[in-house]
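Report on one structure; see the data block that follows.
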Amino acid sequence: GWSRDVELKSRRPGVPIDAICGWFDTRFCGSNASPAQSCVELDTSPYSPRTHWGQTVLVLSPPLAGTKVSVRLEQSKRNHHDLNFTMNYEGVSAAYEIGADFRGFDGDEANYPYPTEYDDGDGYADGEQ
């Protein structure tokens with residue numbers, strides 16, 4: 001696993017942070033035993049084309065009043081695809097198990113149970129006003 005001290009940047013200084021959204025990107029290039037002809041990039045950002053992978057929302061209770069946190073990320077011992085995420089802030093220790101519990105996005109927005117547009121901080125979903 002790894003640990004880091006992080007300073008978050010708030011779009012609304014002075015307003016407590018009550019949740020953090022996370023996603024990942026990775027590159028698949030094969031292995032020594034089975035090399036790929038070219039690498040494939042996977043980006044699960046809400047700003048990238050959708051995949052069957054979702055984003056993760058970590059609710060902070062109590063909300064974070066400041067901006068400094070310590071984070072630790074480890075592979076789960078129960079399932080090698082899952083992650084254990086621990087965050088320490090302002091005397092609070094919050095632990096999360098991030099698992100693959102979201103499955104099955106079929107590309108049809110009518111069947112997609114999550115927002116398909118994201119707020120850029122102006123109070124409106126993208127494209128609205």
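FYI, nothing fancy with the structure tokens labels: chains A, B, ... in order, residues from 1 per chain, ligands from 1 as they appear.
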Item to complete: Would you kindly return, as a count of residues only, each protein, DNA or RNA residue with an atom no farther than 8 Å from any atom of segment 85-102 of chain A, considering only C-alpha atoms and excluding same-chain residues fewer than 2 positions away?
Response: 20
Fill in: Near-Gly14 of chain A list (12 Å; only C-alpha atoms; drop same-chain fewer than 3 positions) as a list in words
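Using only C-alpha atoms, the neighbours found are Lys9, Ser10, Arg11, Ile17, Pro63, Leu64, Ala65, Gly66 and Thr67 of chain A.
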Worksheet entry | Coordinates-based distance that separates atom CA of Gly30 of chain A from atom CA of Pro49 of chain A (Å, one decimal) |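 Taking atom CA of Pro49 of chain A and atom CA of Gly30 of chain A, their separation equals 22.4 Å.
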Worksheet item: Between A:Val15, A:Thr51, A:Leu42, A:His80, which one has atoms that come closest to Arg27 of chain A, using only C-alpha atoms?
Response: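 Of all the options, A:Leu42 lies closest to Arg27 of chain A.
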Worksheet entry | Distance criterion (only C-alpha atoms): nearest to Asp18 of chain A out of A:Ser3, A:Gln55, A:Asn32, A:Ser61 | A:Ser61
Discussion item. Please list as an MDAnalysis selection string every residue within 12 Å of Thr26 of chain A, counting only C-alpha atoms and excluding residues in the same chain fewer than 6 positions away.
Written reply: chainID A and resid 39:45
